[in-house]
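Worksheet: the structure to be examined is printed underneath.
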Amino acid sequence: MNMPVKAVKKTISRVLQGISALLMIGIGSLLTIEFFEYSKVLGSLRSMVVERNYPLACFSMLMACMIGFSILSTFWILSKRKIQKEERIKSFDSGRGLIPFLCYGVAVLVSPELLKIFPTSYEVLKGVELILTVLYDHTKTLGFFIVIGSVACLIRKFMRI
């Protein structure tokens, strides 16, 4: 392969990797902002401990998991896969990050349907219902991030630089 072609492919791969990471950071940031906005609906964080506010505890735990998943996914997107070729270890971009984007995509796609059939009689499930509401309210934004991020990961995967 020509050296200039390889350099162009590597540059494109790096740009797409950066875009994927920024989009995953965008998802995490959006969820973090909404966590602080929506947690007030269920009460103060102090009430979670003092009054045993289980819906808020459920909401907080699940949102923390989703935000943590986006943070870990960002670092995973920025990493490269290493293989041993001959006597050297070579790293290449394998398009990491597609799975986290698809996980968020499934969550966003099923949230409207789950909200329709969700039982509201159980108090503790109000936290889960609120997470589904957050995903439903931001379907367009999250959907855009997910589609662009997934496409960028797929292009990087097929380029294999």
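Chain labels A, B, ... are given in the sequence in which chains occur in the structure tokens; within each chain residues are numbered consecutively from 1, and ligands are likewise numbered from 1 in the order shown.
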Backbone DSSP call of alpha helix (DSSP H) for range 35-126 of chain A, listed as a ChimeraX atom specification | /A:35-38,45-50,54-78,98-117,126
Residue list (strand (DSSP E or B), DSSP) for range 27-117 of chain A, as an NGL selection string = :A and (81-85 or 88-92)
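With distances restricted to only C-alpha atoms, A:Ala152 is the closest residue to Val15 in chain A from A:Val147, A:Leu31, A:Leu115, A:Ala152.
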Determine, counting only C-alpha atoms, which protein, DNA and RNA residues have an atom within 9 Å of an atom of range 119-127 of chain A; residues of the same chain fewer than 3 positions away are not included. Present the result as a PDB file with N, CA, C and O atoms, in the first residue's frame.
```
ATOM      1  N   SER A  39     -33.812  13.805  39.026  1.00  0.00           N
ATOM      2  CA  SER A  39     -33.766  13.264  40.388  1.00  0.00           C
ATOM      3  C   SER A  39     -34.556  14.136  41.354  1.00  0.00           C
ATOM      4  O   SER A  39     -35.058  13.648  42.369  1.00  0.00           O
ATOM      5  N   LEU A  42     -38.242  12.977  42.127  1.00  0.00           N
ATOM      6  CA  LEU A  42     -38.482  11.929  43.118  1.00  0.00           C
ATOM      7  C   LEU A  42     -38.107  12.354  44.535  1.00  0.00           C
ATOM      8  O   LEU A  42     -38.315  11.594  45.470  1.00  0.00           O
ATOM      9  N   ASN A  53     -36.153   6.371  50.260  1.00  0.00           N
ATOM     10  CA  ASN A  53     -36.804   6.684  48.987  1.00  0.00           C
ATOM     11  C   ASN A  53     -36.301   5.700  47.934  1.00  0.00           C
ATOM     12  O   ASN A  53     -35.339   5.963  47.217  1.00  0.00           O
ATOM     13  N   TYR A  54     -36.942   4.551  47.825  1.00  0.00           N
ATOM     14  CA  TYR A  54     -36.501   3.492  46.926  1.00  0.00           C
ATOM     15  C   TYR A  54     -36.612   3.865  45.444  1.00  0.00           C
ATOM     16  O   TYR A  54     -35.742   3.487  44.664  1.00  0.00           O
ATOM     17  N   PRO A  55     -37.652   4.589  45.026  1.00  0.00           N
ATOM     18  CA  PRO A  55     -37.680   4.990  43.611  1.00  0.00           C
ATOM     19  C   PRO A  55     -36.475   5.856  43.223  1.00  0.00           C
ATOM     20  O   PRO A  55     -35.888   5.658  42.166  1.00  0.00           O
ATOM     21  N   LEU A  56     -36.090   6.783  44.108  1.00  0.00           N
ATOM     22  CA  LEU A  56     -34.923   7.625  43.834  1.00  0.00           C
ATOM     23  C   LEU A  56     -33.642   6.795  43.858  1.00  0.00           C
ATOM     24  O   LEU A  56     -32.749   7.006  43.040  1.00  0.00           O
ATOM     25  N   ALA A  57     -33.565   5.843  44.779  1.00  0.00           N
ATOM     26  CA  ALA A  57     -32.380   4.971  44.835  1.00  0.00           C
ATOM     27  C   ALA A  57     -32.261   4.149  43.561  1.00  0.00           C
ATOM     28  O   ALA A  57     -31.164   4.018  42.991  1.00  0.00           O
ATOM     29  N   CYS A  58     -33.372   3.612  43.101  1.00  0.00           N
ATOM     30  CA  CYS A  58     -33.381   2.826  41.861  1.00  0.00           C
ATOM     31  C   CYS A  58     -32.967   3.699  40.677  1.00  0.00           C
ATOM     32  O   CYS A  58     -32.125   3.302  39.867  1.00  0.00           O
ATOM     33  N   PHE A  59     -33.566   4.878  40.573  1.00  0.00           N
ATOM     34  CA  PHE A  59     -33.237   5.816  39.499  1.00  0.00           C
ATOM     35  C   PHE A  59     -31.759   6.189  39.540  1.00  0.00           C
ATOM     36  O   PHE A  59     -31.075   6.153  38.519  1.00  0.00           O
ATOM     37  N   SER A  60     -31.261   6.508  40.734  1.00  0.00           N
ATOM     38  CA  SER A  60     -29.859   6.927  40.882  1.00  0.00           C
ATOM     39  C   SER A  60     -28.894   5.816  40.510  1.00  0.00           C
ATOM     40  O   SER A  60     -27.900   6.049  39.816  1.00  0.00           O
ATOM     41  N   LEU A  62     -29.432   3.130  38.523  1.00  0.00           N
ATOM     42  CA  LEU A  62     -29.470   2.824  37.095  1.00  0.00           C
ATOM     43  C   LEU A  62     -28.839   3.934  36.261  1.00  0.00           C
ATOM     44  O   LEU A  62     -28.116   3.653  35.293  1.00  0.00           O
ATOM     45  N   LEU A 115     -42.792   2.218  28.164  1.00  0.00           N
ATOM     46  CA  LEU A 115     -43.588   3.191  28.909  1.00  0.00           C
ATOM     47  C   LEU A 115     -45.086   2.904  28.774  1.00  0.00           C
ATOM     48  O   LEU A 115     -45.856   3.137  29.707  1.00  0.00           O
ATOM     49  N   LYS A 116     -45.495   2.399  27.628  1.00  0.00           N
ATOM     50  CA  LYS A 116     -46.921   2.090  27.397  1.00  0.00           C
ATOM     51  C   LYS A 116     -47.409   0.941  28.281  1.00  0.00           C
ATOM     52  O   LYS A 116     -48.533   0.941  28.744  1.00  0.00           O
ATOM     53  N   LEU A 130     -38.941   6.669  35.265  1.00  0.00           N
ATOM     54  CA  LEU A 130     -38.320   7.970  35.015  1.00  0.00           C
ATOM     55  C   LEU A 130     -37.145   7.852  34.046  1.00  0.00           C
ATOM     56  O   LEU A 130     -36.949   8.722  33.195  1.00  0.00           O
ATOM     57  N   ILE A 131     -36.379   6.776  34.131  1.00  0.00           N
ATOM     58  CA  ILE A 131     -35.273   6.560  33.182  1.00  0.00           C
ATOM     59  C   ILE A 131     -35.834   6.374  31.776  1.00  0.00           C
ATOM     60  O   ILE A 131     -35.311   6.933  30.808  1.00  0.00           O
ATOM     61  N   LEU A 132     -36.892   5.596  31.655  1.00  0.00           N
ATOM     62  CA  LEU A 132     -37.523   5.414  30.346  1.00  0.00           C
ATOM     63  C   LEU A 132     -38.042   6.736  29.802  1.00  0.00           C
ATOM     64  O   LEU A 132     -37.954   7.004  28.604  1.00  0.00           O
TER      65      LEU A 132
END
```
When you draw a straight line from CA of Phe36 in chain A to CA of Leu135 in chain A, how long is it in Å?
-> 14.5 Å
Would you kindly return, as JSON, numbers by chain, each protein, DNA or RNA residue with an atom no farther than 12 Å from any atom of Leu30 in chain A, considering only C-alpha atoms and excluding same-chain residues fewer than 2 positions away?
-> {"A": [23, 24, 25, 26, 27, 28, 32, 33, 34, 35, 36, 37, 38, 63, 66, 67, 70, 134, 135, 137, 138, 139, 141, 142, 145]}
What is the CA of Arg52 in chain A-CA of Gly68 in chain A distance in Å, reported with one decimal?
->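 According to the coordinates, CA of Arg52 in chain A and CA of Gly68 in chain A are separated by 23.9 Å.
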Expressed in Å to a single decimal, how great is the separation between CA of Cys153 in chain A and CA of Arg96 in chain A?
-> 6.3 Å
Pick out the residues sitting within 10 Å of Trp76 in chain A, and hand them over as a PDB file with N, CA, C and O atoms, in the first residue's frame; count only C-alpha atoms, and ignore anything fewer than 3 positions along from it in its own chain.
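Result written to around22.pdb:
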```pdb
ATOM      1  N   ALA A  21     -15.836   8.970  20.054  1.00  0.00           N
ATOM      2  CA  ALA A  21     -15.613   9.260  21.480  1.00  0.00           C
ATOM      3  C   ALA A  21     -16.401  10.495  21.920  1.00  0.00           C
ATOM      4  O   ALA A  21     -17.013  10.496  22.996  1.00  0.00           O
ATOM      5  N   SER A  70     -21.105   4.787  29.739  1.00  0.00           N
ATOM      6  CA  SER A  70     -20.675   5.695  28.667  1.00  0.00           C
ATOM      7  C   SER A  70     -19.235   6.160  28.886  1.00  0.00           C
ATOM      8  O   SER A  70     -18.489   6.329  27.923  1.00  0.00           O
ATOM      9  N   ILE A  71     -18.836   6.340  30.141  1.00  0.00           N
ATOM     10  CA  ILE A  71     -17.445   6.735  30.424  1.00  0.00           C
ATOM     11  C   ILE A  71     -16.489   5.615  30.043  1.00  0.00           C
ATOM     12  O   ILE A  71     -15.474   5.848  29.353  1.00  0.00           O
ATOM     13  N   LEU A  72     -16.791   4.398  30.476  1.00  0.00           N
ATOM     14  CA  LEU A  72     -15.940   3.252  30.117  1.00  0.00           C
ATOM     15  C   LEU A  72     -15.911   3.032  28.608  1.00  0.00           C
ATOM     16  O   LEU A  72     -14.857   2.716  28.036  1.00  0.00           O
ATOM     17  N   SER A  73     -17.048   3.217  27.975  1.00  0.00           N
ATOM     18  CA  SER A  73     -17.123   3.037  26.524  1.00  0.00           C
ATOM     19  C   SER A  73     -16.274   4.061  25.791  1.00  0.00           C
ATOM     20  O   SER A  73     -15.673   3.761  24.758  1.00  0.00           O
ATOM     21  N   SER A  79      -9.217   3.243  22.631  1.00  0.00           N
ATOM     22  CA  SER A  79      -8.135   2.262  22.662  1.00  0.00           C
ATOM     23  C   SER A  79      -8.017   1.572  21.304  1.00  0.00           C
ATOM     24  O   SER A  79      -8.896   1.669  20.466  1.00  0.00           O
ATOM     25  N   LYS A  80      -6.916   0.892  21.130  1.00  0.00           N
ATOM     26  CA  LYS A  80      -6.691   0.127  19.906  1.00  0.00           C
ATOM     27  C   LYS A  80      -6.430  -1.320  20.282  1.00  0.00           C
ATOM     28  O   LYS A  80      -5.946  -1.610  21.368  1.00  0.00           O
ATOM     29  N   ARG A  81      -6.730  -2.200  19.374  1.00  0.00           N
ATOM     30  CA  ARG A  81      -6.498  -3.617  19.581  1.00  0.00           C
ATOM     31  C   ARG A  81      -5.061  -3.941  19.216  1.00  0.00           C
ATOM     32  O   ARG A  81      -4.528  -3.426  18.237  1.00  0.00           O
ATOM     33  N   GLY A  95     -12.419  -0.537  15.266  1.00  0.00           N
ATOM     34  CA  GLY A  95     -13.762   0.036  15.261  1.00  0.00           C
ATOM     35  C   GLY A  95     -14.492  -0.143  16.574  1.00  0.00           C
ATOM     36  O   GLY A  95     -15.710  -0.271  16.605  1.00  0.00           O
ATOM     37  N   ARG A  96     -13.768  -0.154  17.660  1.00  0.00           N
ATOM     38  CA  ARG A  96     -14.381  -0.360  18.963  1.00  0.00           C
ATOM     39  C   ARG A  96     -15.418   0.720  19.258  1.00  0.00           C
ATOM     40  O   ARG A  96     -15.255   1.875  18.897  1.00  0.00           O
ATOM     41  N   GLY A  97     -16.469   0.305  19.929  1.00  0.00           N
ATOM     42  CA  GLY A  97     -17.504   1.246  20.332  1.00  0.00           C
ATOM     43  C   GLY A  97     -18.865   0.949  19.745  1.00  0.00           C
ATOM     44  O   GLY A  97     -19.862   1.527  20.168  1.00  0.00           O
ATOM     45  N   PRO A 100     -21.478  -0.527  22.536  1.00  0.00           N
ATOM     46  CA  PRO A 100     -22.141   0.447  23.417  1.00  0.00           C
ATOM     47  C   PRO A 100     -23.169   1.310  22.696  1.00  0.00           C
ATOM     48  O   PRO A 100     -24.250   1.577  23.247  1.00  0.00           O
TER      49      PRO A 100
END
```
Near Leu16 in chain A, within 12 Å and counting only C-alpha atoms, which residues show up once chain neighbours fewer than 6 positions away are dropped, as an MDAnalysis selection string?
-> chainID A and resid 9:10 22:23 77:78 93:97 148:157 159 161
Select, from A:Val8, A:Ser20, A:Val50, A:Ile146, the residue with the minimum atom-to-atom distance to Tyr104 in chain A, counting only C-alpha atoms.
->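 When distances to Tyr104 in chain A are compared using only C-alpha atoms, the smallest one comes from A:Ile146.
Of the residues under consideration (A:Phe158, A:Phe69, A:Tyr136, A:Phe144), A:Tyr136 shows the shortest atom-to-atom contact distance to Ala107 in chain A when counting only C-alpha atoms.
Counting only C-alpha atoms and comparing A:Val128, A:Lys40, A:Glu51, A:Lys140, the residue that lies closest to Leu109 in chain A is A:Lys140.
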